[in-house]
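Structure data follow from query.cif (mmCIF, C-alpha atoms):
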```
data_upload
loop_
_atom_site.label_atom_id
_atom_site.label_comp_id
_atom_site.auth_asym_id
_atom_site.auth_seq_id
_atom_site.Cartn_x
_atom_site.Cartn_y
_atom_site.Cartn_z
CA MET V 1 47.61 -62.40 75.69
CA ASP V 2 44.93 -59.94 74.64
CA THR V 3 42.88 -59.59 77.83
CA LEU V 4 43.38 -60.61 81.45
CA PHE V 5 40.60 -60.70 84.04
CA SER V 6 42.38 -60.19 87.36
CA HIS V 7 41.37 -60.89 90.97
CA VAL V 8 38.00 -62.24 89.88
CA SER V 9 35.86 -65.06 91.30
CA VAL V 10 35.51 -67.69 88.57
CA VAL V 11 32.59 -70.12 88.29
CA THR V 12 34.08 -72.66 85.89
CA MET V 13 30.99 -74.87 85.39
CA ASP V 14 33.29 -77.89 85.19
CA ALA V 15 32.17 -81.34 86.34
CA ARG V 16 33.05 -80.49 89.96
CA MET V 17 31.44 -77.03 89.79
CA SER V 18 34.79 -75.56 90.80
CA VAL V 19 34.77 -71.96 91.97
CA TRP V 20 38.10 -70.09 92.00
CA VAL V 21 38.25 -67.03 94.25
CA ASP V 22 40.70 -64.19 93.48
CA ALA V 23 41.75 -65.89 90.25
CA PHE V 24 43.05 -64.85 86.83
CA VAL V 25 41.61 -65.69 83.41
CA GLY V 26 43.47 -64.84 80.21
CA VAL V 27 42.10 -64.52 76.68
CA THR V 28 44.17 -64.85 73.52
CA ASP V 29 42.86 -64.83 69.94
CA GLY V 30 39.29 -65.40 71.09
CA LYS V 31 40.13 -68.41 73.28
CA ILE V 32 40.60 -68.87 77.01
CA SER V 33 44.38 -69.19 77.27
CA TYR V 34 44.99 -69.02 81.00
CA LEU V 35 43.25 -69.97 84.26
CA GLY V 36 45.17 -69.74 87.48
CA LYS V 37 45.42 -68.54 91.07
CA LYS V 38 48.44 -66.39 90.26
CA PRO V 39 48.99 -63.79 87.50
CA PRO V 40 50.41 -65.20 84.26
CA GLU V 41 53.97 -64.41 83.31
CA GLU V 42 52.87 -63.14 79.92
CA LYS V 43 51.96 -59.47 79.87
CA PRO V 44 48.39 -58.88 78.64
CA GLY V 45 47.32 -56.17 76.25
CA LYS V 46 44.44 -55.18 78.55
CA ILE V 47 43.69 -55.87 82.22
CA ILE V 48 40.12 -55.89 83.52
CA ASP V 49 40.03 -55.62 87.30
CA GLY V 50 37.60 -58.21 88.60
CA THR V 51 37.71 -57.28 92.27
CA GLY V 52 34.26 -57.96 93.70
CA MET V 53 33.15 -59.44 90.37
CA VAL V 54 32.10 -62.94 89.30
CA LEU V 55 33.15 -64.42 85.95
CA LEU V 56 31.24 -67.31 84.42
CA PRO V 57 30.55 -68.79 81.00
CA GLY V 58 28.06 -66.87 78.87
CA LEU V 59 24.48 -68.06 79.20
CA ILE V 60 22.86 -69.96 76.34
CA ASN V 61 19.23 -69.25 75.43
CA CYS V 62 18.07 -72.40 73.67
CA HIS V 63 14.64 -71.23 72.57
CA THR V 64 13.49 -67.80 71.51
CA HIS V 65 11.95 -65.83 68.67
CA LEU V 66 14.12 -62.72 68.51
CA PRO V 67 11.99 -60.49 66.22
CA MET V 68 8.94 -60.98 68.43
CA THR V 69 10.49 -58.41 70.76
CA LEU V 70 8.40 -56.06 68.62
CA LEU V 71 5.29 -57.65 70.18
CA ARG V 72 6.42 -57.26 73.80
CA GLY V 73 3.41 -56.39 75.97
CA TYR V 74 0.94 -56.91 73.12
CA ALA V 75 -2.12 -59.12 73.74
CA ASP V 76 -1.04 -60.25 77.20
CA ASP V 77 -3.23 -62.13 79.69
CA LEU V 78 -5.12 -64.07 77.02
CA ALA V 79 -5.52 -67.81 76.48
CA LEU V 80 -2.65 -69.07 74.33
CA GLN V 81 -4.51 -70.20 71.21
CA ALA V 82 -6.77 -67.13 71.16
CA ARG V 83 -3.73 -64.94 71.71
CA LEU V 84 -1.83 -66.57 68.86
CA ASN V 85 -4.65 -66.87 66.33
CA ASP V 86 -6.43 -63.58 67.00
CA ALA V 87 -3.53 -61.28 67.87
CA ILE V 88 0.01 -62.55 67.37
CA PHE V 89 -0.17 -64.39 64.03
CA PRO V 90 -2.00 -61.53 62.23
CA ARG V 91 0.71 -59.10 63.36
CA GLU V 92 3.50 -61.48 62.40
CA GLU V 93 2.12 -61.58 58.87
CA ARG V 94 2.98 -57.86 58.59
CA PHE V 95 6.64 -58.33 59.43
CA ASP V 96 9.03 -57.70 56.56
CA ALA V 97 12.80 -58.06 56.39
CA ARG V 98 13.46 -54.50 57.54
CA SER V 99 11.17 -54.86 60.57
CA VAL V 100 12.61 -58.27 61.42
CA LYS V 101 16.20 -57.06 61.36
CA ALA V 102 15.50 -54.03 63.56
CA ALA V 103 13.54 -56.12 66.07
CA ALA V 104 16.22 -58.84 66.05
CA LEU V 105 18.96 -56.29 66.75
CA LEU V 106 16.96 -54.93 69.67
CA ALA V 107 16.52 -58.46 71.03
CA ILE V 108 20.22 -59.27 70.60
CA ALA V 109 21.16 -56.12 72.49
CA GLU V 110 18.85 -57.27 75.28
CA CYS V 111 20.41 -60.73 75.27
CA LEU V 112 23.92 -59.30 75.50
CA ARG V 113 22.83 -56.93 78.26
CA PHE V 114 21.64 -59.93 80.26
CA GLY V 115 24.72 -62.10 79.70
CA VAL V 116 23.53 -64.35 76.87
CA THR V 117 26.28 -65.23 74.39
CA SER V 118 24.42 -67.73 72.19
CA VAL V 119 20.79 -68.19 71.14
CA SER V 120 18.66 -70.74 69.32
CA ASP V 121 16.08 -68.84 67.30
CA MET V 122 13.02 -69.80 65.25
CA PHE V 123 11.29 -67.27 63.01
CA ASP V 124 10.47 -66.15 59.45
CA CYS V 125 12.55 -63.75 57.30
CA THR V 126 15.46 -65.63 58.79
CA GLY V 127 17.99 -64.06 56.44
CA ALA V 128 17.31 -60.72 58.12
CA VAL V 129 17.81 -62.34 61.53
CA ALA V 130 21.11 -63.79 60.28
CA GLU V 131 22.25 -60.33 59.17
CA ALA V 132 21.52 -58.98 62.66
CA VAL V 133 23.41 -61.85 64.27
CA ALA V 134 26.36 -61.44 61.92
CA GLU V 135 26.66 -57.72 62.67
CA SER V 136 26.27 -58.08 66.44
CA GLY V 137 28.87 -60.77 67.11
CA ILE V 138 26.60 -63.07 69.14
CA LYS V 139 26.44 -66.81 68.41
CA ALA V 140 23.22 -68.30 67.08
CA ASN V 141 21.60 -71.50 65.86
CA LEU V 142 19.01 -70.13 63.43
CA SER V 143 15.98 -71.93 62.07
CA ARG V 144 13.13 -71.00 59.77
CA GLY V 145 9.93 -71.87 61.62
CA THR V 146 7.78 -73.91 59.25
CA SER V 147 4.07 -74.74 59.21
CA MET V 148 1.90 -76.55 56.67
CA TYR V 149 -1.76 -77.48 56.73
CA LEU V 150 -3.66 -80.29 55.02
CA ASP V 151 -5.08 -78.09 52.27
CA ASP V 152 -1.61 -76.82 51.31
CA ASP V 153 0.00 -78.17 48.19
CA PHE V 154 3.44 -79.38 49.22
CA ASP V 155 6.64 -79.79 47.25
CA PHE V 156 9.85 -79.22 49.20
CA GLU V 157 11.50 -77.61 46.18
CA THR V 158 8.77 -74.98 45.77
CA PHE V 159 7.19 -74.60 49.23
CA PRO V 160 8.12 -71.00 50.26
CA ALA V 161 9.30 -71.79 53.79
CA CYS V 162 11.44 -74.68 52.58
CA ARG V 163 12.96 -72.54 49.84
CA GLU V 164 13.84 -69.96 52.47
CA LEU V 165 15.44 -72.70 54.58
CA VAL V 166 17.59 -73.88 51.68
CA GLU V 167 18.68 -70.33 50.92
CA LEU V 168 19.46 -69.74 54.58
CA HIS V 169 21.48 -72.95 54.73
CA GLU V 170 23.45 -72.17 51.60
CA THR V 171 24.15 -68.57 52.62
CA TRP V 172 24.67 -68.63 56.36
CA HIS V 173 25.49 -72.11 57.68
CA ASN V 174 28.87 -72.11 59.45
CA TYR V 175 29.29 -68.38 58.87
CA ASP V 176 32.30 -66.94 60.72
CA ASN V 177 33.73 -70.37 61.58
CA GLY V 178 30.44 -71.66 62.90
CA ARG V 179 29.33 -68.61 64.87
CA ILE V 180 26.06 -68.97 62.93
CA ARG V 181 24.62 -72.43 62.41
CA VAL V 182 21.47 -73.15 60.46
CA GLU V 183 18.92 -75.72 61.60
CA CYS V 184 15.57 -77.02 60.40
CA ALA V 185 12.41 -76.26 62.34
CA ILE V 186 8.89 -77.61 62.69
CA GLN V 187 6.69 -75.00 64.33
CA GLY V 188 4.67 -77.78 65.93
CA GLU V 189 2.87 -81.04 65.32
CA TYR V 190 -0.50 -79.27 65.42
CA THR V 191 0.45 -76.73 62.73
CA SER V 192 1.88 -79.17 60.19
CA THR V 193 1.49 -82.53 58.52
CA TYR V 194 3.53 -85.64 57.80
CA GLN V 195 4.69 -84.40 54.38
CA LEU V 196 6.55 -81.55 56.04
CA TRP V 197 7.92 -83.71 58.88
CA ASP V 198 9.29 -86.26 56.44
CA ALA V 199 10.83 -83.64 54.15
CA LEU V 200 12.47 -81.60 56.89
CA ALA V 201 13.79 -84.69 58.67
CA GLU V 202 15.31 -85.90 55.41
CA TYR V 203 16.88 -82.51 54.67
CA ALA V 204 18.30 -82.21 58.18
CA ILE V 205 19.75 -85.72 58.17
CA ASN V 206 21.23 -85.45 54.67
CA ASN V 207 22.87 -82.09 55.46
CA GLY V 208 23.94 -82.74 59.03
CA LEU V 209 21.66 -80.04 60.45
CA GLY V 210 19.96 -79.87 63.81
CA MET V 211 16.20 -79.63 64.35
CA GLN V 212 14.11 -77.23 66.45
CA LEU V 213 10.43 -77.61 67.32
CA HIS V 214 7.72 -76.86 69.86
CA LEU V 215 6.56 -80.04 71.59
CA SER V 216 3.62 -80.72 73.93
CA GLU V 217 3.47 -77.10 75.06
CA THR V 218 -0.20 -77.19 76.04
CA LYS V 219 -2.47 -79.90 77.41
CA ALA V 220 -4.93 -79.37 74.55
CA GLU V 221 -2.21 -79.74 71.91
CA HIS V 222 -1.00 -82.97 73.52
CA GLU V 223 -4.42 -84.54 74.00
CA GLU V 224 -5.77 -83.57 70.58
CA CYS V 225 -2.81 -85.30 68.94
CA ILE V 226 -3.57 -88.50 70.87
CA GLU V 227 -7.24 -88.26 69.86
CA LYS V 228 -6.36 -87.67 66.21
CA TYR V 229 -3.48 -90.11 65.73
CA GLY V 230 -3.54 -92.45 68.72
CA LEU V 231 -0.04 -91.27 69.54
CA THR V 232 1.49 -88.46 71.57
CA PRO V 233 3.23 -85.69 69.59
CA ALA V 234 6.63 -87.13 70.55
CA GLN V 235 5.66 -90.65 69.46
CA LEU V 236 4.14 -89.38 66.22
CA LEU V 237 7.14 -87.27 65.18
CA ASP V 238 9.48 -90.09 66.09
CA CYS V 239 7.68 -92.29 63.56
CA HIS V 240 8.64 -89.72 60.93
CA HIS V 241 12.35 -89.70 61.87
CA VAL V 242 12.27 -86.12 63.18
CA PHE V 243 14.51 -87.11 66.08
CA ASP V 244 17.09 -88.89 63.93
CA THR V 245 19.19 -85.73 64.07
CA ARG V 246 20.24 -83.52 67.01
CA THR V 247 16.96 -82.01 68.18
CA VAL V 248 15.90 -79.37 70.69
CA ALA V 249 12.26 -79.57 71.72
CA ALA V 250 10.87 -76.43 73.31
CA HIS V 251 8.53 -76.49 76.33
CA CYS V 252 7.80 -80.24 76.79
CA VAL V 253 5.27 -79.29 79.46
CA HIS V 254 2.90 -82.21 79.01
CA LEU V 255 5.18 -85.11 78.12
CA ALA V 256 4.11 -88.55 79.26
CA GLU V 257 6.69 -90.66 81.08
CA GLU V 258 7.08 -92.87 78.02
CA ASP V 259 7.73 -89.71 75.96
CA MET V 260 10.57 -88.77 78.27
CA ARG V 261 12.16 -92.19 77.92
CA LEU V 262 11.72 -92.09 74.15
CA LEU V 263 13.27 -88.63 73.83
CA ALA V 264 16.14 -89.63 76.11
CA ARG V 265 16.90 -92.60 73.86
CA ARG V 266 16.84 -90.32 70.83
CA GLY V 267 19.15 -87.78 72.49
CA VAL V 268 16.56 -84.98 72.28
CA SER V 269 17.19 -81.93 74.47
CA ALA V 270 14.20 -80.37 76.22
CA VAL V 271 14.16 -76.58 76.42
CA HIS V 272 12.45 -75.54 79.63
CA CYS V 273 10.83 -72.09 79.39
CA PRO V 274 9.33 -71.71 82.86
CA VAL V 275 8.41 -68.01 82.86
CA SER V 276 6.69 -68.22 79.48
CA ASN V 277 4.83 -71.38 80.46
CA LEU V 278 3.62 -69.75 83.68
CA LYS V 279 2.65 -66.47 82.00
CA LEU V 280 0.70 -68.26 79.27
CA GLY V 281 -0.89 -70.72 81.67
CA SER V 282 0.58 -73.70 79.84
CA GLY V 283 1.58 -75.57 82.98
CA CYS V 284 4.72 -76.68 84.80
CA ALA V 285 7.10 -78.99 82.98
CA ASP V 286 8.29 -82.05 84.90
CA VAL V 287 11.99 -81.18 84.84
CA MET V 288 12.93 -83.75 87.47
CA GLY V 289 11.11 -86.45 85.51
CA MET V 290 12.94 -85.53 82.31
CA VAL V 291 16.32 -85.50 84.06
CA LYS V 292 15.65 -88.86 85.73
CA ALA V 293 14.66 -90.27 82.33
CA GLY V 294 18.08 -89.24 81.02
CA MET V 295 17.14 -86.19 78.97
CA ASN V 296 19.38 -83.17 78.54
CA VAL V 297 17.38 -80.21 79.87
CA CYS V 298 18.39 -76.66 78.99
CA LEU V 299 16.69 -73.28 79.31
CA GLY V 300 15.05 -70.74 77.04
CA THR V 301 13.13 -67.51 77.41
CA ASP V 302 10.72 -68.08 74.53
CA ALA V 303 9.85 -64.78 72.84
CA ALA V 304 9.91 -61.51 74.76
CA SER V 305 6.22 -61.26 73.89
CA CYS V 306 5.68 -64.50 75.84
CA SER V 307 7.95 -64.05 78.86
CA GLY V 308 8.17 -60.26 79.08
CA ASN V 309 11.92 -60.04 78.57
CA LEU V 310 14.97 -62.06 77.54
CA ASP V 311 16.64 -62.18 80.95
CA LEU V 312 17.76 -65.81 81.22
CA PHE V 313 18.63 -65.33 84.90
CA ARG V 314 14.87 -65.08 85.51
CA GLN V 315 14.45 -68.45 83.84
CA ILE V 316 17.25 -69.99 85.91
CA ARG V 317 15.59 -68.89 89.13
CA ALA V 318 12.11 -69.88 87.96
CA CYS V 319 13.39 -73.31 86.93
CA ALA V 320 14.69 -74.02 90.42
CA LEU V 321 11.64 -72.57 92.17
CA MET V 322 9.11 -74.31 89.91
CA ALA V 323 10.70 -77.71 90.48
CA LYS V 324 10.59 -77.23 94.25
CA GLY V 325 6.98 -76.06 94.12
CA LYS V 326 5.89 -78.87 91.81
CA THR V 327 7.52 -81.65 93.83
CA GLY V 328 7.28 -80.21 97.34
CA ASP V 329 10.98 -81.00 97.63
CA PRO V 330 13.31 -78.06 98.39
CA THR V 331 16.26 -80.10 97.12
CA ALA V 332 14.76 -80.48 93.62
CA VAL V 333 16.86 -78.71 90.94
CA PRO V 334 19.48 -77.20 93.26
CA ALA V 335 21.16 -73.95 92.27
CA ALA V 336 24.12 -75.66 90.63
CA ALA V 337 21.83 -77.78 88.43
CA ALA V 338 19.79 -74.77 87.32
CA LEU V 339 22.95 -72.86 86.39
CA MET V 340 24.23 -75.94 84.57
CA MET V 341 21.09 -75.97 82.42
CA ALA V 342 21.82 -72.41 81.26
CA THR V 343 25.45 -73.13 80.37
CA VAL V 344 26.76 -76.68 79.95
CA CYS V 345 23.41 -78.23 79.00
CA GLY V 346 22.65 -75.37 76.63
CA ALA V 347 25.97 -75.82 74.86
CA LYS V 348 25.23 -79.54 74.45
CA ALA V 349 21.77 -78.81 73.05
CA GLN V 350 23.28 -76.46 70.46
CA GLY V 351 26.02 -78.92 69.53
CA ARG V 352 28.58 -76.45 70.89
CA GLU V 353 29.78 -78.36 73.96
CA LYS V 354 33.36 -78.47 72.67
CA GLU V 355 33.54 -74.69 72.29
CA CYS V 356 31.57 -73.08 75.13
CA GLY V 357 29.56 -73.59 78.30
CA GLN V 358 32.58 -73.93 80.59
CA ILE V 359 35.62 -71.91 81.56
CA ALA V 360 38.62 -74.01 80.58
CA VAL V 361 41.78 -73.39 78.60
CA GLY V 362 41.10 -73.87 74.90
CA MET V 363 37.39 -73.04 75.04
CA ASP V 364 35.99 -69.99 73.25
CA ALA V 365 36.14 -66.87 75.42
CA ASP V 366 32.36 -66.58 75.72
CA LEU V 367 32.40 -64.93 79.14
CA ILE V 368 30.25 -62.70 81.30
CA VAL V 369 31.08 -60.64 84.39
CA LEU V 370 28.58 -59.81 87.12
CA ASP V 371 29.06 -57.05 89.68
CA PHE V 372 28.71 -58.63 93.13
CA ASN V 373 29.25 -55.31 94.89
CA GLN V 374 25.50 -54.64 94.75
CA PRO V 375 23.43 -54.53 97.98
CA HIS V 376 21.23 -57.45 96.94
CA LEU V 377 24.31 -59.66 96.43
CA ILE V 378 25.87 -58.94 99.85
CA PRO V 379 26.79 -61.00 101.79
CA CYS V 380 27.86 -63.82 99.51
CA HIS V 381 28.09 -67.09 101.40
CA ASN V 382 27.73 -69.09 98.20
CA ILE V 383 28.42 -67.59 94.76
CA VAL V 384 26.38 -70.15 92.83
CA SER V 385 23.42 -69.72 95.16
CA ASN V 386 23.57 -65.93 94.78
CA LEU V 387 23.73 -66.26 91.00
CA VAL V 388 20.54 -68.31 90.94
CA TYR V 389 18.41 -66.85 93.74
CA ALA V 390 19.60 -63.24 94.09
CA ALA V 391 21.19 -62.03 90.84
CA SER V 392 19.50 -60.84 87.67
CA GLY V 393 20.61 -59.97 84.18
CA HIS V 394 20.85 -56.35 85.28
CA ASP V 395 23.92 -57.29 87.32
CA VAL V 396 25.86 -58.18 84.17
CA MET V 397 28.50 -55.53 83.48
CA LEU V 398 30.37 -57.24 80.62
CA THR V 399 29.53 -59.77 77.91
CA MET V 400 32.23 -61.21 75.67
CA VAL V 401 31.93 -63.60 72.71
CA ARG V 402 35.07 -65.19 71.28
CA GLY V 403 37.17 -62.66 73.14
CA LYS V 404 35.33 -59.64 71.74
CA ILE V 405 33.47 -57.39 74.17
CA LEU V 406 29.90 -56.96 72.90
CA TYR V 407 28.47 -55.27 75.98
CA PHE V 408 30.22 -53.24 78.67
CA ALA V 409 28.60 -51.01 81.28
CA GLY V 410 25.75 -49.79 79.11
CA ASN V 411 27.67 -49.69 75.83
CA TYR V 412 27.19 -51.92 72.78
CA PRO V 413 30.31 -51.70 70.58
CA THR V 414 28.71 -53.61 67.68
CA ILE V 415 25.12 -52.29 67.84
CA ASP V 416 23.99 -48.70 67.27
CA LEU V 417 21.08 -48.88 69.68
CA GLY V 418 19.90 -45.37 68.82
CA ALA V 419 19.68 -46.22 65.13
CA VAL V 420 17.86 -49.46 65.94
CA ALA V 421 15.32 -47.61 68.11
CA GLN V 422 14.74 -45.11 65.31
CA GLN V 423 14.14 -47.94 62.82
CA LEU V 424 11.64 -49.46 65.21
CA HIS V 425 9.73 -46.24 65.92
CA ASP V 426 9.85 -44.80 62.40
CA TYR V 427 9.24 -47.98 60.40
CA ALA V 428 8.75 -51.34 62.12
CA ILE V 429 6.11 -50.41 64.70
CA PRO V 430 3.99 -48.37 62.24
CA THR V 431 4.26 -51.17 59.68
CA VAL V 432 3.12 -53.91 62.03
CA PHE V 433 0.57 -51.89 64.02
CA ALA V 434 -0.72 -49.49 61.36
CA ASP V 435 -4.40 -50.21 62.14
CA ASP V 436 -4.06 -50.46 65.91
CA LYS V 437 -6.12 -47.59 67.35
CA LYS V 438 -5.37 -48.34 70.98
CA GLU V 439 -3.45 -45.66 72.81
CA PRO V 440 -0.16 -46.97 74.25
CA THR V 441 0.47 -46.40 77.91
CA ALA V 442 3.73 -44.91 79.14
#
```
Would you mind writing the file out in structure tokens?
Amino acid sequence: MDTLFSHVSVVTMDARMSVWVDAFVGVTDGKISYLGKKPPEEKPGKIIDGTGMVLLPGLINCHTHLPMTLLRGYADDLALQARLNDAIFPREERFDARSVKAAALLAIAECLRFGVTSVSDMFDCTGAVAEAVAESGIKANLSRGTSMYLDDDFDFETFPACRELVELHETWHNYDNGRIRVECAIQGEYTSTYQLWDALAEYAINNGLGMQLHLSETKAEHEECIEKYGLTPAQLLDCHHVFDTRTVAAHCVHLAEEDMRLLARRGVSAVHCPVSNLKLGSGCADVMGMVKAGMNVCLGTDAASCSGNLDLFRQIRACALMAKGKTGDPTAVPAAAALMMATVCGAKAQGREKECGQIAVGMDADLIVLDFNQPHLIPCHNIVSNLVYAASGHDVMLTMVRGKILYFAGNYPTIDLGAVAQQLHDYAIPTVFADDKKEPTA
């Protein structure tokens, strides 16, 4: 046994939401090898004292854009389309591989700091993102966000974004025994056309890849699609077989009831990004409606530039609170359900349900430890309730992926945060914001 967590409270996230107090969890060769109320007979190589601590599965961020950490705090408090078209997209065009990798490493460090052990990411220069993921040790489902407009000439073999996807797939898919998985991605119905939908769906199906996309994020996007095609975005993309492979659809704020039933039949997972949707004024997704329709609902932060940071605990809390506020029912999305969305449901959305999302013998040791000795977590009448309504990512003291500690008490064993910060300040920020004359505020 390599590592033993001793005298720790364990939130297993099993079907009964079992919580073991003063328990022991052992890790061997990257897997959970022991779970019990008494110490194991086997002597561990390392003991981590969990007195006053809570151990739970690592959180899974099912929708983000890691390199957009570089745009945190830029062009806030603007309408979404104006923000994207006038501010965000022009800056993104200046990203190069070096900038992307530095920004991705910063974002991954933030994820690990906040207890996230796996992410689903959509961006350009995806090879640079993959390099950052490979070096850091985090898990990731990576996709090359793809757009195409009517005046674009399209041939899958020559279209730049599709060529990048193929290269990404051939180079990185199933890297490190599946720690990195490559997926296809449609940026959105409103930024692409049927030629791209058909081609990406075919490529995903033929190669056994998942699909990522933004879906019905804004009311305007949803209604303009109906006006243009006579179909909702979900109905339209379904006609082009986009959902014939495992799909995660981000936002889903303005789904119609028939959309929810359709997506449930197709096995599509909805990624709820409540903080981003509130900050951007996109609306409040009907999580209870999606769950009742039979959809798998998981959680995402969206980009740090959209939600402010990558603390998934903020999303867990916001998910529960938004559902209660939207329905007027304080029992809507109880704490256990919100935590389930960030663990078990996230693992299912990523196609990783057999390897993570729960604490059970044989699962990957993707584990996080929170310090419950903090004033805001005392007293603790209910651990799960405290995790959802009182804790934050700042309470995470340890993050482990496949038995390897990637964050511990302010230290990042796999990321040189000083070197990353220097890359950002000396190269990435000047490259992307070279003509920005505004003075930053401290």
What are the nearest atom pairs, with distances in Å to one decimal, for all residues of range 174-206 of chain V that come at most 10 Å from range 216-226 of chain V, using all atoms listed in the file, set out by chain and rising residue number as JSON lines?
```
{"residue": "V:Gly188", "atom": "CA", "partner": "V:Ser216", "partner_atom": "CA", "distance": 8.6}
{"residue": "V:Glu189", "atom": "CA", "partner": "V:Cys225", "partner_atom": "CA", "distance": 8.0}
{"residue": "V:Tyr190", "atom": "CA", "partner": "V:Glu221", "partner_atom": "CA", "distance": 6.7}
```
Can you write out the residues you just picked, keeping C-alpha atoms, as a PDB file, in the coordinates of the input?
```
ATOM      1  CA  GLY V 188       4.670 -77.780  65.930  1.00  0.00           C
ATOM      2  CA  GLU V 189       2.870 -81.040  65.320  1.00  0.00           C
ATOM      3  CA  TYR V 190      -0.500 -79.270  65.420  1.00  0.00           C
TER       4      TYR V 190
END
```
> At a cut-off of 10 Å from (15.0, -68.3, 74.9) in the coordinates of the file, what residues are picked up using all atoms listed in the file, written as number ranges by chain?
Replying inline: V: 60-66, 111, 116, 118-122, 250, 271-273, 276, 298-304, 307, 309-312, 315
> the PyMOL selection byres ((chain V and resi 40) around 10) on the file shown: which residues, as a PyMOL selection string?
Replying inline: chain V and resi 1+4+6+24-26+34-39+41-44
Taking the file above as input, evaluate the PyMOL selection byres ((chain V and resi 68) around 10) and report the hits as a PDB file with C-alpha atoms, in the coordinates of the input.
```pdb
ATOM      1  CA  THR V  64      13.490 -67.800  71.510  1.00  0.00           C
ATOM      2  CA  HIS V  65      11.950 -65.830  68.670  1.00  0.00           C
ATOM      3  CA  LEU V  66      14.120 -62.720  68.510  1.00  0.00           C
ATOM      4  CA  PRO V  67      11.990 -60.490  66.220  1.00  0.00           C
ATOM      5  CA  THR V  69      10.490 -58.410  70.760  1.00  0.00           C
ATOM      6  CA  LEU V  70       8.400 -56.060  68.620  1.00  0.00           C
ATOM      7  CA  LEU V  71       5.290 -57.650  70.180  1.00  0.00           C
ATOM      8  CA  ARG V  72       6.420 -57.260  73.800  1.00  0.00           C
ATOM      9  CA  ILE V  88       0.010 -62.550  67.370  1.00  0.00           C
ATOM     10  CA  ARG V  91       0.710 -59.100  63.360  1.00  0.00           C
ATOM     11  CA  GLU V  92       3.500 -61.480  62.400  1.00  0.00           C
ATOM     12  CA  PHE V  95       6.640 -58.330  59.430  1.00  0.00           C
ATOM     13  CA  VAL V 100      12.610 -58.270  61.420  1.00  0.00           C
ATOM     14  CA  ALA V 103      13.540 -56.120  66.070  1.00  0.00           C
ATOM     15  CA  ALA V 104      16.220 -58.840  66.050  1.00  0.00           C
ATOM     16  CA  ALA V 107      16.520 -58.460  71.030  1.00  0.00           C
ATOM     17  CA  PHE V 123      11.290 -67.270  63.010  1.00  0.00           C
ATOM     18  CA  ASP V 302      10.720 -68.080  74.530  1.00  0.00           C
ATOM     19  CA  ALA V 303       9.850 -64.780  72.840  1.00  0.00           C
ATOM     20  CA  ALA V 304       9.910 -61.510  74.760  1.00  0.00           C
ATOM     21  CA  SER V 305       6.220 -61.260  73.890  1.00  0.00           C
ATOM     22  CA  CYS V 306       5.680 -64.500  75.840  1.00  0.00           C
TER      23      CYS V 306
END
```
When the PyMOL selection byres ((chain V and resi 337) around 12) is applied to the file above, which residues end up in the set, as an mmCIF file with C-alpha atoms, keeping the file's coordinate frame?
```
data_model
loop_
_atom_site.group_PDB
_atom_site.id
_atom_site.type_symbol
_atom_site.label_atom_id
_atom_site.label_comp_id
_atom_site.auth_asym_id
_atom_site.auth_seq_id
_atom_site.Cartn_x
_atom_site.Cartn_y
_atom_site.Cartn_z
ATOM 1 C CA MET V 13 30.990 -74.870 85.390
ATOM 2 C CA ASP V 14 33.290 -77.890 85.190
ATOM 3 C CA ALA V 15 32.170 -81.340 86.340
ATOM 4 C CA ARG V 16 33.050 -80.490 89.960
ATOM 5 C CA MET V 17 31.440 -77.030 89.790
ATOM 6 C CA VAL V 287 11.990 -81.180 84.840
ATOM 7 C CA MET V 288 12.930 -83.750 87.470
ATOM 8 C CA VAL V 291 16.320 -85.500 84.060
ATOM 9 C CA ASN V 296 19.380 -83.170 78.540
ATOM 10 C CA VAL V 297 17.380 -80.210 79.870
ATOM 11 C CA CYS V 298 18.390 -76.660 78.990
ATOM 12 C CA LEU V 299 16.690 -73.280 79.310
ATOM 13 C CA ILE V 316 17.250 -69.990 85.910
ATOM 14 C CA ARG V 317 15.590 -68.890 89.130
ATOM 15 C CA CYS V 319 13.390 -73.310 86.930
ATOM 16 C CA ALA V 320 14.690 -74.020 90.420
ATOM 17 C CA ALA V 323 10.700 -77.710 90.480
ATOM 18 C CA THR V 331 16.260 -80.100 97.120
ATOM 19 C CA ALA V 332 14.760 -80.480 93.620
ATOM 20 C CA VAL V 333 16.860 -78.710 90.940
ATOM 21 C CA PRO V 334 19.480 -77.200 93.260
ATOM 22 C CA ALA V 335 21.160 -73.950 92.270
ATOM 23 C CA ALA V 336 24.120 -75.660 90.630
ATOM 24 C CA ALA V 338 19.790 -74.770 87.320
ATOM 25 C CA LEU V 339 22.950 -72.860 86.390
ATOM 26 C CA MET V 340 24.230 -75.940 84.570
ATOM 27 C CA MET V 341 21.090 -75.970 82.420
ATOM 28 C CA ALA V 342 21.820 -72.410 81.260
ATOM 29 C CA THR V 343 25.450 -73.130 80.370
ATOM 30 C CA VAL V 344 26.760 -76.680 79.950
ATOM 31 C CA CYS V 345 23.410 -78.230 79.000
ATOM 32 C CA VAL V 384 26.380 -70.150 92.830
ATOM 33 C CA SER V 385 23.420 -69.720 95.160
ATOM 34 C CA LEU V 387 23.730 -66.260 91.000
ATOM 35 C CA VAL V 388 20.540 -68.310 90.940
#
```
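Reported to one decimal place, the separation of CA of Ser392 in chain V from CA of Ala109 in chain V is 16.0 Å.
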> Can you find the residues with an atom no farther than 12 Å from (39.3, -53.0, 90.5), counting only C-alpha atoms, and report them as a VMD selection string?
Replying inline: chain V and resid 5 to 8 22 47 to 53 371 373
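CA of Leu165 in chain V is positioned 22.9 Å from CA of Cys239 in chain V.
Using only C-alpha atoms, the nearest neighbour of Leu112 in chain V within the list V:Asp435, V:Glu164, V:Asp426, V:Asp395 is V:Asp395.
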